[in-house]
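Just work-v3.pdb here, PDB, C-alpha atoms:
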```pdb
ATOM      1  CA  MET A   1      55.775  98.220  97.166
ATOM      2  CA  LEU A   2      56.386  97.278 100.818
ATOM      3  CA  LYS A   3      55.087  93.742 100.280
ATOM      4  CA  TYR A   4      57.344  93.243  97.279
ATOM      5  CA  SER A   5      60.361  94.709  99.106
ATOM      6  CA  ILE A   6      59.915  92.288 102.019
ATOM      7  CA  LYS A   7      59.507  89.369  99.616
ATOM      8  CA  ARG A   8      62.651  90.286  97.668
ATOM      9  CA  LEU A   9      64.563  90.806 100.920
ATOM     10  CA  LEU A  10      63.662  87.325 102.137
ATOM     11  CA  GLN A  11      64.627  85.843  98.773
ATOM     12  CA  SER A  12      67.942  87.686  98.919
ATOM     13  CA  LEU A  13      68.649  86.421 102.433
ATOM     14  CA  LEU A  14      67.863  82.851 101.353
ATOM     15  CA  THR A  15      70.182  83.187  98.339
ATOM     16  CA  LEU A  16      72.923  84.592 100.555
ATOM     17  CA  PHE A  17      72.491  81.712 103.011
ATOM     18  CA  ILE A  18      72.874  79.173 100.199
ATOM     19  CA  ILE A  19      75.982  80.908  98.815
ATOM     20  CA  VAL A  20      77.580  81.204 102.257
ATOM     21  CA  THR A  21      76.940  77.534 102.980
ATOM     22  CA  VAL A  22      78.264  76.358  99.608
ATOM     23  CA  VAL A  23      81.402  78.505  99.924
ATOM     24  CA  PHE A  24      81.987  77.197 103.449
ATOM     25  CA  LEU A  25      81.692  73.567 102.299
ATOM     26  CA  LEU A  26      83.920  74.128  99.262
ATOM     27  CA  MET A  27      86.621  75.706 101.420
ATOM     28  CA  ARG A  28      86.601  72.577 103.581
ATOM     29  CA  LEU A  29      87.455  70.514 100.479
ATOM     30  CA  LEU A  30      90.696  72.424  99.906
ATOM     31  CA  PRO A  31      94.008  70.792 100.917
ATOM     32  CA  GLU A  32      94.821  71.217 104.600
ATOM     33  CA  GLU A  33      98.269  72.580 103.706
ATOM     34  CA  GLY A  34      96.674  75.990 103.214
ATOM     35  CA  TYR A  35      96.014  76.275 106.935
ATOM     36  CA  PHE A  36      99.711  76.089 107.810
ATOM     37  CA  GLY A  37     101.404  78.331 105.249
ATOM     38  CA  ASP A  38     105.174  78.009 105.019
ATOM     39  CA  ALA A  39     105.321  76.118 108.314
ATOM     40  CA  TYR A  40     103.670  72.996 106.878
ATOM     41  CA  GLU A  41     106.916  71.148 106.098
ATOM     42  CA  LYS A  42     108.396  72.006 109.507
ATOM     43  CA  LEU A  43     105.609  70.456 111.573
ATOM     44  CA  ASP A  44     105.167  66.806 112.439
ATOM     45  CA  GLU A  45     101.813  65.026 112.198
ATOM     46  CA  ALA A  46     100.987  65.472 115.889
ATOM     47  CA  GLN A  47     101.548  69.222 115.703
ATOM     48  CA  LYS A  48      99.438  69.480 112.560
ATOM     49  CA  GLU A  49      96.590  67.570 114.165
ATOM     50  CA  ALA A  50      96.765  69.749 117.282
ATOM     51  CA  ILE A  51      96.556  72.945 115.196
ATOM     52  CA  LEU A  52      93.648  71.653 113.105
ATOM     53  CA  THR A  53      91.804  70.500 116.237
ATOM     54  CA  ASN A  54      92.365  73.873 117.894
ATOM     55  CA  MET A  55      90.915  75.584 114.801
ATOM     56  CA  GLY A  56      87.821  73.384 115.032
ATOM     57  CA  LEU A  57      88.525  71.654 111.710
ATOM     58  CA  ARG A  58      88.298  68.193 113.252
ATOM     59  CA  ASP A  59      84.742  68.736 114.483
ATOM     60  CA  PRO A  60      81.884  67.179 112.469
ATOM     61  CA  LEU A  61      81.068  69.292 109.419
ATOM     62  CA  HIS A  62      77.620  70.351 110.639
ATOM     63  CA  ILE A  63      79.149  71.517 113.948
ATOM     64  CA  GLN A  64      81.728  73.557 112.040
ATOM     65  CA  LEU A  65      78.951  75.122 109.983
ATOM     66  CA  ILE A  66      76.889  76.020 113.054
ATOM     67  CA  ASN A  67      79.914  77.542 114.785
ATOM     68  CA  PHE A  68      80.736  79.477 111.624
ATOM     69  CA  TYR A  69      77.261  81.026 111.502
ATOM     70  CA  LYS A  70      77.391  81.869 115.200
ATOM     71  CA  ASN A  71      80.651  83.751 114.675
ATOM     72  CA  LEU A  72      79.366  85.322 111.476
ATOM     73  CA  LEU A  73      76.327  86.773 113.276
ATOM     74  CA  LYS A  74      78.759  88.327 115.762
ATOM     75  CA  GLY A  75      80.737  89.900 112.909
ATOM     76  CA  ASP A  76      83.650  87.520 113.421
ATOM     77  CA  LEU A  77      85.068  86.197 110.127
ATOM     78  CA  GLY A  78      88.042  84.535 111.766
ATOM     79  CA  GLU A  79      91.758  85.283 111.698
ATOM     80  CA  SER A  80      94.256  85.379 108.864
ATOM     81  CA  ILE A  81      96.465  82.306 108.617
ATOM     82  CA  THR A  82      99.347  83.198 106.300
ATOM     83  CA  PHE A  83      98.787  86.753 105.022
ATOM     84  CA  ARG A  84      98.938  88.420 108.455
ATOM     85  CA  PRO A  85      98.922  85.524 110.945
ATOM     86  CA  LYS A  86      96.575  85.838 113.927
ATOM     87  CA  VAL A  87      95.216  89.224 112.755
ATOM     88  CA  PRO A  88      91.372  89.371 112.582
ATOM     89  CA  VAL A  89      90.026  89.329 109.034
ATOM     90  CA  MET A  90      87.826  92.377 109.636
ATOM     91  CA  GLU A  91      90.845  94.408 110.724
ATOM     92  CA  ILE A  92      92.691  93.513 107.521
ATOM     93  CA  ILE A  93      89.714  94.362 105.326
ATOM     94  CA  LYS A  94      89.131  97.633 107.189
ATOM     95  CA  ASP A  95      92.616  98.803 106.189
ATOM     96  CA  LYS A  96      91.960  97.982 102.518
ATOM     97  CA  VAL A  97      88.495  99.492 102.057
ATOM     98  CA  PRO A  98      89.517 103.213 101.833
ATOM     99  CA  TYR A  99      91.677 102.588  98.752
ATOM    100  CA  SER A 100      88.990 100.666  96.886
ATOM    101  CA  LEU A 101      86.369 103.180  98.002
ATOM    102  CA  TYR A 102      88.294 106.131  96.593
ATOM    103  CA  PHE A 103      89.087 104.517  93.246
ATOM    104  CA  GLY A 104      85.592 103.056  93.005
ATOM    105  CA  LEU A 105      83.762 106.317  93.641
ATOM    106  CA  ALA A 106      86.095 108.308  91.377
ATOM    107  CA  SER A 107      85.697 105.848  88.509
ATOM    108  CA  ILE A 108      81.909 105.737  88.953
ATOM    109  CA  VAL A 109      81.669 109.530  88.693
ATOM    110  CA  ILE A 110      83.788 109.534  85.531
ATOM    111  CA  SER A 111      81.885 106.573  84.051
ATOM    112  CA  LEU A 112      78.458 108.083  84.665
ATOM    113  CA  ILE A 113      79.294 111.573  83.428
ATOM    114  CA  VAL A 114      81.219 110.508  80.323
ATOM    115  CA  GLY A 115      79.175 107.375  79.567
ATOM    116  CA  VAL A 116      75.732 108.945  79.880
ATOM    117  CA  THR A 117      76.832 112.037  77.944
ATOM    118  CA  LEU A 118      78.291 109.879  75.176
ATOM    119  CA  GLY A 119      75.157 107.724  75.084
ATOM    120  CA  ILE A 120      72.909 110.763  74.724
ATOM    121  CA  ALA A 121      75.142 112.168  71.953
ATOM    122  CA  MET A 122      75.006 108.811  70.146
ATOM    123  CA  ALA A 123      71.204 108.639  70.377
ATOM    124  CA  ARG A 124      70.704 112.228  69.196
ATOM    125  CA  ASN A 125      73.155 111.810  66.309
ATOM    126  CA  LYS A 126      72.216 108.380  65.049
ATOM    127  CA  SER A 127      74.478 107.200  62.197
ATOM    128  CA  LYS A 128      76.506 110.399  62.445
ATOM    129  CA  PHE A 129      79.963 111.130  63.852
ATOM    130  CA  TRP A 130      79.249 110.764  67.589
ATOM    131  CA  ASP A 131      77.240 107.589  67.050
ATOM    132  CA  LYS A 132      80.015 106.024  64.973
ATOM    133  CA  PHE A 133      82.681 107.200  67.419
ATOM    134  CA  GLY A 134      80.790 105.844  70.440
ATOM    135  CA  THR A 135      79.976 102.558  68.704
ATOM    136  CA  GLY A 136      83.636 102.113  67.794
ATOM    137  CA  TYR A 137      84.663 102.744  71.396
ATOM    138  CA  VAL A 138      82.090 100.305  72.793
ATOM    139  CA  VAL A 139      83.072  97.588  70.290
ATOM    140  CA  PHE A 140      86.748  98.074  71.124
ATOM    141  CA  ILE A 141      86.184  97.824  74.892
ATOM    142  CA  ARG A 142      83.937  94.776  74.486
ATOM    143  CA  ALA A 143      86.061  92.958  71.917
ATOM    144  CA  VAL A 144      89.590  93.508  73.195
ATOM    145  CA  PRO A 145      90.552  91.695  76.447
ATOM    146  CA  ALA A 146      90.787  94.228  79.260
ATOM    147  CA  ALA A 147      94.254  93.022  80.195
ATOM    148  CA  VAL A 148      95.547  94.146  76.791
ATOM    149  CA  TYR A 149      94.530  97.803  76.969
ATOM    150  CA  PHE A 150      95.240  98.016  80.698
ATOM    151  CA  LEU A 151      98.817  96.930  80.053
ATOM    152  CA  PHE A 152      99.032  99.290  77.068
ATOM    153  CA  ILE A 153      97.939 102.200  79.273
ATOM    154  CA  GLN A 154     100.370 101.274  82.024
ATOM    155  CA  ILE A 155     103.378 100.766  79.737
ATOM    156  CA  TYR A 156     102.942 103.423  77.054
ATOM    157  CA  ILE A 157     100.761 106.165  78.549
ATOM    158  CA  THR A 158     103.007 106.372  81.611
ATOM    159  CA  GLY A 159     105.942 107.041  79.280
ATOM    160  CA  ILE A 160     104.131 109.600  77.125
ATOM    161  CA  PHE A 161     102.836 111.679  80.043
ATOM    162  CA  LYS A 162     105.755 110.936  82.386
ATOM    163  CA  LEU A 163     103.538 109.322  85.009
ATOM    164  CA  PRO A 164     104.748 106.763  87.592
ATOM    165  CA  MET A 165     103.938 103.171  86.697
ATOM    166  CA  LEU A 166     102.977 101.984  90.201
ATOM    167  CA  PHE A 167     100.740 103.418  92.895
ATOM    168  CA  LYS A 168     102.203 105.478  95.725
ATOM    169  CA  ILE A 169      99.913 106.842  98.394
ATOM    170  CA  ASN A 170     101.780 110.153  98.747
ATOM    171  CA  ASP A 171     102.007 110.833  95.001
ATOM    172  CA  PRO A 172      98.660 112.021  93.517
ATOM    173  CA  LYS A 173      99.955 111.491  89.976
ATOM    174  CA  THR A 174      99.961 107.741  90.550
ATOM    175  CA  TRP A 175      96.197 107.816  91.180
ATOM    176  CA  ILE A 176      95.345 109.069  87.683
ATOM    177  CA  LEU A 177      95.862 106.045  85.435
ATOM    178  CA  PRO A 178      94.244 103.449  87.750
ATOM    179  CA  THR A 179      91.147 105.649  88.058
ATOM    180  CA  ILE A 180      90.889 106.137  84.300
ATOM    181  CA  SER A 181      91.520 102.440  83.636
ATOM    182  CA  MET A 182      88.816 101.432  86.099
ATOM    183  CA  SER A 183      86.270 103.738  84.428
ATOM    184  CA  LEU A 184      86.752 102.572  80.814
ATOM    185  CA  GLY A 185      84.416  99.593  81.045
ATOM    186  CA  GLY A 186      81.736 101.605  82.849
ATOM    187  CA  ILE A 187      81.811 104.333  80.203
ATOM    188  CA  ALA A 188      81.216 101.761  77.469
ATOM    189  CA  SER A 189      78.373 100.087  79.393
ATOM    190  CA  TYR A 190      76.518 103.294  80.259
ATOM    191  CA  ALA A 191      76.928 104.698  76.748
ATOM    192  CA  MET A 192      75.636 101.495  75.171
ATOM    193  CA  TRP A 193      72.645 101.237  77.524
ATOM    194  CA  ILE A 194      71.615 104.874  77.217
ATOM    195  CA  ARG A 195      71.995 104.879  73.444
ATOM    196  CA  ARG A 196      69.992 101.687  73.030
ATOM    197  CA  TYR A 197      67.121 102.644  75.285
ATOM    198  CA  MET A 198      66.908 106.230  74.057
ATOM    199  CA  VAL A 199      66.722 105.098  70.429
ATOM    200  CA  ASP A 200      63.901 102.733  71.428
ATOM    201  CA  GLU A 201      62.050 105.562  73.186
ATOM    202  CA  LEU A 202      62.531 107.989  70.286
ATOM    203  CA  ASN A 203      60.599 105.629  68.012
ATOM    204  CA  LYS A 204      57.572 105.404  70.289
ATOM    205  CA  ASP A 205      54.237 107.075  69.612
ATOM    206  CA  TYR A 206      54.276 109.410  72.614
ATOM    207  CA  VAL A 207      57.437 111.085  71.311
ATOM    208  CA  LYS A 208      55.921 111.525  67.860
ATOM    209  CA  LEU A 209      52.797 112.992  69.461
ATOM    210  CA  ALA A 210      54.847 115.393  71.586
ATOM    211  CA  ARG A 211      56.706 116.586  68.508
ATOM    212  CA  ALA A 212      53.437 116.994  66.613
ATOM    213  CA  LYS A 213      52.173 119.213  69.430
ATOM    214  CA  GLY A 214      55.227 121.425  69.007
ATOM    215  CA  LEU A 215      57.029 120.605  72.267
ATOM    216  CA  ASP A 216      60.653 121.659  72.461
ATOM    217  CA  SER A 217      62.960 118.819  71.394
ATOM    218  CA  LYS A 218      65.293 119.337  74.379
ATOM    219  CA  LYS A 219      62.399 119.046  76.830
ATOM    220  CA  ILE A 220      61.232 115.877  75.098
ATOM    221  CA  MET A 221      64.716 114.393  75.353
ATOM    222  CA  VAL A 222      65.280 115.278  79.018
ATOM    223  CA  ARG A 223      61.836 114.977  80.607
ATOM    224  CA  HIS A 224      60.546 111.974  78.713
ATOM    225  CA  VAL A 225      63.027 110.087  76.549
ATOM    226  CA  PHE A 226      66.029 110.143  78.887
ATOM    227  CA  ARG A 227      63.987 109.456  82.006
ATOM    228  CA  ASN A 228      62.223 106.459  80.455
ATOM    229  CA  ALA A 229      65.463 105.204  78.928
ATOM    230  CA  PHE A 230      67.177 105.356  82.309
ATOM    231  CA  VAL A 231      64.630 103.023  83.953
ATOM    232  CA  PRO A 232      65.978  99.691  82.546
ATOM    233  CA  MET A 233      69.527 100.796  83.323
ATOM    234  CA  ALA A 234      68.602 101.614  86.927
ATOM    235  CA  GLN A 235      68.128  97.926  87.710
ATOM    236  CA  TYR A 236      71.827  97.169  87.172
ATOM    237  CA  LEU A 237      73.237 100.435  88.493
ATOM    238  CA  PRO A 238      73.467  99.544  92.231
ATOM    239  CA  ALA A 239      75.248  96.240  91.553
ATOM    240  CA  THR A 240      77.678  97.975  89.193
ATOM    241  CA  ILE A 241      78.397 100.698  91.743
ATOM    242  CA  LEU A 242      78.887  98.278  94.644
ATOM    243  CA  PHE A 243      81.213  96.011  92.671
ATOM    244  CA  THR A 244      83.227  98.999  91.481
ATOM    245  CA  ILE A 245      83.590 100.351  95.004
ATOM    246  CA  ALA A 246      84.595  96.880  96.206
ATOM    247  CA  GLY A 247      87.660  97.142  94.024
ATOM    248  CA  SER A 248      88.935  95.975  90.671
ATOM    249  CA  ILE A 249      90.877  92.753  91.181
ATOM    250  CA  TYR A 250      93.056  93.116  88.096
ATOM    251  CA  ILE A 251      93.706  96.868  88.158
ATOM    252  CA  GLU A 252      94.595  96.951  91.845
ATOM    253  CA  SER A 253      97.031  94.100  91.318
ATOM    254  CA  LEU A 254      98.466  95.726  88.175
ATOM    255  CA  TYR A 255      99.219  99.034  89.892
ATOM    256  CA  SER A 256     100.077  97.518  93.300
ATOM    257  CA  ILE A 257      97.163  99.270  95.005
ATOM    258  CA  PRO A 258      96.616  97.898  98.553
ATOM    259  CA  GLY A 259      92.850  97.615  98.134
ATOM    260  CA  MET A 260      90.209  94.887  98.330
ATOM    261  CA  GLY A 261      90.708  93.617  94.779
ATOM    262  CA  GLY A 262      94.457  93.148  95.056
ATOM    263  CA  LEU A 263      93.997  91.554  98.467
ATOM    264  CA  LEU A 264      91.913  88.720  97.020
ATOM    265  CA  VAL A 265      94.613  87.850  94.486
ATOM    266  CA  GLU A 266      97.323  87.961  97.150
ATOM    267  CA  VAL A 267      95.555  85.727  99.680
ATOM    268  CA  ILE A 268      94.719  83.154  96.999
ATOM    269  CA  LYS A 269      98.421  82.954  96.153
ATOM    270  CA  ARG A 270      99.275  82.501  99.837
ATOM    271  CA  GLN A 271      96.480  79.957 100.400
ATOM    272  CA  ASP A 272      95.040  81.954 103.281
ATOM    273  CA  ASN A 273      91.803  79.962 103.280
ATOM    274  CA  THR A 274      90.071  81.933 106.027
ATOM    275  CA  LEU A 275      90.671  85.257 104.303
ATOM    276  CA  VAL A 276      89.721  83.860 100.882
ATOM    277  CA  GLN A 277      86.472  82.576 102.351
ATOM    278  CA  ALA A 278      85.675  85.940 103.956
ATOM    279  CA  LEU A 279      86.355  87.907 100.743
ATOM    280  CA  VAL A 280      84.265  85.565  98.605
ATOM    281  CA  LEU A 281      81.387  85.939 101.052
ATOM    282  CA  ILE A 282      81.712  89.737 100.965
ATOM    283  CA  TYR A 283      81.675  89.862  97.161
ATOM    284  CA  SER A 284      78.686  87.487  97.047
ATOM    285  CA  SER A 285      76.809  89.699  99.491
ATOM    286  CA  ILE A 286      77.607  92.754  97.381
ATOM    287  CA  GLY A 287      76.129  91.105  94.291
ATOM    288  CA  ILE A 288      72.915  90.090  96.052
ATOM    289  CA  VAL A 289      72.452  93.492  97.707
ATOM    290  CA  GLY A 290      73.071  95.172  94.339
ATOM    291  CA  LEU A 291      70.347  93.137  92.622
ATOM    292  CA  PHE A 292      67.894  93.815  95.454
ATOM    293  CA  LEU A 293      68.515  97.559  95.365
ATOM    294  CA  GLY A 294      68.250  97.491  91.573
ATOM    295  CA  ASP A 295      64.716  96.106  91.697
ATOM    296  CA  ILE A 296      63.672  98.723  94.250
ATOM    297  CA  LEU A 297      65.327 101.540  92.311
ATOM    298  CA  MET A 298      63.598 100.446  89.120
ATOM    299  CA  ALA A 299      60.203 100.726  90.816
ATOM    300  CA  ILE A 300      61.035 104.191  92.160
ATOM    301  CA  PHE A 301      62.038 105.502  88.740
ATOM    302  CA  ASP A 302      58.963 104.068  87.034
ATOM    303  CA  PRO A 303      55.794 103.890  89.193
ATOM    304  CA  ARG A 304      54.035 102.138  86.295
ATOM    305  CA  ILE A 305      55.922  98.955  87.151
ATOM    306  CA  LYS A 306      53.656  96.744  89.231
ATOM    307  CA  LEU A 307      55.986  94.907  91.574
ATOM    308  CA  GLU A 308      53.310  93.443  93.799
ATOM    309  CA  ARG A 309      51.395  91.497  91.209
ATOM    310  CA  LYS A 310      51.092  87.755  91.552
ATOM    311  CA  GLY A 311      54.378  86.019  90.867
ATOM    312  CA  GLY A 312      56.360  89.261  91.023
ATOM    313  CA  ALA A 313      55.586  90.041  87.380
ATOM    314  CA  ARG A 314      56.445  93.485  86.104
TER
END
```

I'd like the structure from this file rewritten - as structure tokens, please.
Amino acid sequence: MLKYSIKRLLQSLLTLFIIVTVVFLLMRLLPEEGYFGDAYEKLDEAQKEAILTNMGLRDPLHIQLINFYKNLLKGDLGESITFRPKVPVMEIIKDKVPYSLYFGLASIVISLIVGVTLGIAMARNKSKFWDKFGTGYVVFIRAVPAAVYFLFIQIYITGIFKLPMLFKINDPKTWILPTISMSLGGIASYAMWIRRYMVDELNKDYVKLARAKGLDSKKIMVRHVFRNAFVPMAQYLPATILFTIAGSIYIESLYSIPGMGGLLVEVIKRQDNTLVQALVLIYSSIGIVGLFLGDILMAIFDPRIKLERKGGAR
């Protein structure tokens, strides 16, 4: 287990290094206008060159990359250019994290409770009401573009229940619809996974043997079927949780929530290249960390998985 964990950690660090480098190089291909904001048209060529030189953008590319990594190891992601000029990127992100953290954690709790419960009900009532209801819900969420039902919720549900349309920090009622909207996709995913894997487990010989021995059906479902069905899902759970906590780009923008997701949309519009670069790196890191934790979590849930075999086979 330890050997495999170290190997996967090194692979994750290598992947992160490649992503960081590629993102850095791609950002250097963007038009230089993004480094000046609204002041671009007001500056002459000499002033522009002086600003770019001062920012280190006239150094050779490999020198820029080395300096970037030196600052990155110190926790310095640079300063905002147009969004909040001269303000450190980490300070801006620090102000946004609490909003995304609250909505992320709240939606995860709702998604897990409702999704897993629905998935179990679907598996236990195959081809009956709850299975048909859950299947219909999953198909709807998967088939209809998220923007459609998010807008429907914002426009019509706010009117039916007399809820404010946009987020306000001092009004708890404005927190309800964004949280529910953010959890809809997770509910569908967890229900679909649990239902699928539990149905697979229910058809296996060990379940038939347990029933033949007269074991209580509830004990079989909880101690054996559900636990084994949860193992494949565990691999994707950390990544899902981390991305949810990091913020929903569309929902935060839709409800004007000052979180991480809405921030990314805003800085792209303003061409704040430094802040865009920092946010892309953060989201990339979240994805890699999520996959790494998923592999470890999968081994913890199912000790039968041999993670240290040659080639990392399972």

Using only C-alpha atoms: which of A:Leu61, A:Ser80, A:Ile296, A:Asn170 has the shortest distance to Gly34 of chain A:
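Smallest separation from Gly34 of chain A among the options: A:Ser80.
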
Around the point (69.7, 84.1, 98.0) in the file's coordinates, collect all residues with an atom within 12 Å, using all atoms listed in the file, and return them as a ChimeraX atom specification.
/A:7-22,284-289,291-292

Exactly which residues make up the result of the PyMOL selection byres ((chain A and resi 113-121) around 8) on this file, given as a list in words?
Val109, Ile110, Ser111, Leu112, Met122, Ala123, Arg124, Asn125, Trp130, Asp131, Gly134, Gly186, Ile187, Ala188, Ser189, Tyr190, Ala191, Met192, Trp193, Ile194, Arg195 and Met198 of chain A

For those residues, write C-alpha atoms to a file as a PDB file, keeping the file's coordinate frame.
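Full text of selection.pdb as output:
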```pdb
ATOM      1  CA  VAL A 109      81.669 109.530  88.693  1.00  0.00           C
ATOM      2  CA  ILE A 110      83.788 109.534  85.531  1.00  0.00           C
ATOM      3  CA  SER A 111      81.885 106.573  84.051  1.00  0.00           C
ATOM      4  CA  LEU A 112      78.458 108.083  84.665  1.00  0.00           C
ATOM      5  CA  MET A 122      75.006 108.811  70.146  1.00  0.00           C
ATOM      6  CA  ALA A 123      71.204 108.639  70.377  1.00  0.00           C
ATOM      7  CA  ARG A 124      70.704 112.228  69.196  1.00  0.00           C
ATOM      8  CA  ASN A 125      73.155 111.810  66.309  1.00  0.00           C
ATOM      9  CA  TRP A 130      79.249 110.764  67.589  1.00  0.00           C
ATOM     10  CA  ASP A 131      77.240 107.589  67.050  1.00  0.00           C
ATOM     11  CA  GLY A 134      80.790 105.844  70.440  1.00  0.00           C
ATOM     12  CA  GLY A 186      81.736 101.605  82.849  1.00  0.00           C
ATOM     13  CA  ILE A 187      81.811 104.333  80.203  1.00  0.00           C
ATOM     14  CA  ALA A 188      81.216 101.761  77.469  1.00  0.00           C
ATOM     15  CA  SER A 189      78.373 100.087  79.393  1.00  0.00           C
ATOM     16  CA  TYR A 190      76.518 103.294  80.259  1.00  0.00           C
ATOM     17  CA  ALA A 191      76.928 104.698  76.748  1.00  0.00           C
ATOM     18  CA  MET A 192      75.636 101.495  75.171  1.00  0.00           C
ATOM     19  CA  TRP A 193      72.645 101.237  77.524  1.00  0.00           C
ATOM     20  CA  ILE A 194      71.615 104.874  77.217  1.00  0.00           C
ATOM     21  CA  ARG A 195      71.995 104.879  73.444  1.00  0.00           C
ATOM     22  CA  MET A 198      66.908 106.230  74.057  1.00  0.00           C
TER      23      MET A 198
END
```

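Counting all atoms listed in the file, the residue from A:Met55, A:Val231, A:Ile141, A:Leu263 that sits nearest to Ser181 of chain A is A:Ile141.
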
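Put simply, atom CA of Leu254 of chain A is 9.4 Å away from atom CA of Ala147 of chain A.
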
Go through A:Lys204, A:Phe83, A:Ser127, A:Pro60 one by one, measure the shortest atom-to-atom distance of each to Lys269 of chain A using all atoms listed in the file, and give the residue with the smallest value.
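Nearest to Lys269 of chain A: A:Phe83.
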
Would you pick out the contacts of Phe68 of chain A at 12 Å or less, using only C-alpha atoms, so that residues sharing its chain but fewer than 2 positions from it are not included, and give the list as a PDB file with C-alpha atoms, in the frame of the given file?
```
ATOM      1  CA  VAL A  20      77.580  81.204 102.257  1.00  0.00           C
ATOM      2  CA  THR A  21      76.940  77.534 102.980  1.00  0.00           C
ATOM      3  CA  VAL A  23      81.402  78.505  99.924  1.00  0.00           C
ATOM      4  CA  PHE A  24      81.987  77.197 103.449  1.00  0.00           C
ATOM      5  CA  LEU A  25      81.692  73.567 102.299  1.00  0.00           C
ATOM      6  CA  MET A  55      90.915  75.584 114.801  1.00  0.00           C
ATOM      7  CA  GLY A  56      87.821  73.384 115.032  1.00  0.00           C
ATOM      8  CA  LEU A  57      88.525  71.654 111.710  1.00  0.00           C
ATOM      9  CA  ASP A  59      84.742  68.736 114.483  1.00  0.00           C
ATOM     10  CA  LEU A  61      81.068  69.292 109.419  1.00  0.00           C
ATOM     11  CA  HIS A  62      77.620  70.351 110.639  1.00  0.00           C
ATOM     12  CA  ILE A  63      79.149  71.517 113.948  1.00  0.00           C
ATOM     13  CA  GLN A  64      81.728  73.557 112.040  1.00  0.00           C
ATOM     14  CA  LEU A  65      78.951  75.122 109.983  1.00  0.00           C
ATOM     15  CA  ILE A  66      76.889  76.020 113.054  1.00  0.00           C
ATOM     16  CA  LYS A  70      77.391  81.869 115.200  1.00  0.00           C
ATOM     17  CA  ASN A  71      80.651  83.751 114.675  1.00  0.00           C
ATOM     18  CA  LEU A  72      79.366  85.322 111.476  1.00  0.00           C
ATOM     19  CA  LEU A  73      76.327  86.773 113.276  1.00  0.00           C
ATOM     20  CA  LYS A  74      78.759  88.327 115.762  1.00  0.00           C
ATOM     21  CA  GLY A  75      80.737  89.900 112.909  1.00  0.00           C
ATOM     22  CA  ASP A  76      83.650  87.520 113.421  1.00  0.00           C
ATOM     23  CA  LEU A  77      85.068  86.197 110.127  1.00  0.00           C
ATOM     24  CA  GLY A  78      88.042  84.535 111.766  1.00  0.00           C
ATOM     25  CA  THR A 274      90.071  81.933 106.027  1.00  0.00           C
ATOM     26  CA  GLN A 277      86.472  82.576 102.351  1.00  0.00           C
ATOM     27  CA  ALA A 278      85.675  85.940 103.956  1.00  0.00           C
TER      28      ALA A 278
END
```

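For the choices A:Leu52, A:Ala229, A:Met221, A:Val265, the atom-to-atom distance to Ser253 of chain A is smallest for A:Val265 when using all atoms listed in the file.
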
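In terms of minimum interatomic distance to Thr82 of chain A, A:Asp38 ranks closest within A:Asp38, A:Val97, A:Asp200, A:Ile169, counting all atoms listed in the file.
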
Given 8 Å of margin on each side, can you work out the centre and size in Å (one decimal) of an axis-aligned box holding every listed atom of segment 102-119 of chain A, as JSON?
```
{"center_x": 82.1, "center_y": 107.5, "center_z": 85.8, "size_x": 29.9, "size_y": 25.0, "size_z": 37.5}
```

Evaluate the PyMOL selection byres ((chain A and resi 207-212) around 12) and report residues as number ranges by chain
A: 198-206, 213-226, 228

May I ask for the distance between atom CA of Ile155 of chain A and atom CA of Leu177 of chain A, given in Å to one decimal place?
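One can read the atom CA of Ile155 of chain A to atom CA of Leu177 of chain A distance as 10.8 Å.
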
Report, in Å to a single decimal, how far apart atom CA of Gln271 of chain A and atom CA of Ala39 of chain A are.
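For atom CA of Ala39 of chain A relative to atom CA of Gln271 of chain A, the distance reads 12.5 Å.
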
Skipping near chain neighbours, those fewer than 2 positions away, what residues fall within 9 Å of Ile93 of chain A using all atoms listed in the file, listed as a list of chain:residue names?
A:Pro88, A:Val89, A:Met90, A:Glu91, A:Asp95, A:Lys96, A:Val97, A:Gly259, A:Met260, A:Leu263, A:Leu279

Just want the 12 Å neighbourhood of Phe161 of chain A, counted on all atoms listed in the file, with same-chain residues fewer than 6 positions away dropped. Output as a list in words.
Ile153, Gln154, Ile155, Lys173, Thr174, Ile176 and Leu177 of chain A

Can I get segment 219-225 of chain A with N, CA and C atoms filled in, as a short mmCIF file (atom, residue, chain, number, x, y, z; two decimals), keeping the file's coordinate frame?
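That gives us result.cif:
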```cif
data_model
loop_
_atom_site.label_atom_id
_atom_site.label_comp_id
_atom_site.auth_asym_id
_atom_site.auth_seq_id
_atom_site.Cartn_x
_atom_site.Cartn_y
_atom_site.Cartn_z
N LYS A 219 63.28 119.46 75.74
CA LYS A 219 62.40 119.05 76.83
C LYS A 219 61.94 117.60 76.64
N ILE A 220 61.65 117.26 75.39
CA ILE A 220 61.23 115.88 75.10
C ILE A 220 62.35 114.90 75.46
N MET A 221 63.58 115.26 75.10
CA MET A 221 64.72 114.39 75.35
C MET A 221 64.97 114.21 76.84
N VAL A 222 64.92 115.32 77.60
CA VAL A 222 65.28 115.28 79.02
C VAL A 222 64.14 114.76 79.89
N ARG A 223 62.95 115.30 79.72
CA ARG A 223 61.84 114.98 80.61
C ARG A 223 61.19 113.63 80.30
N HIS A 224 61.25 113.20 79.09
CA HIS A 224 60.55 111.97 78.71
C HIS A 224 61.49 110.87 78.23
N VAL A 225 62.22 111.14 77.17
CA VAL A 225 63.03 110.09 76.55
C VAL A 225 64.12 109.61 77.49
#
```
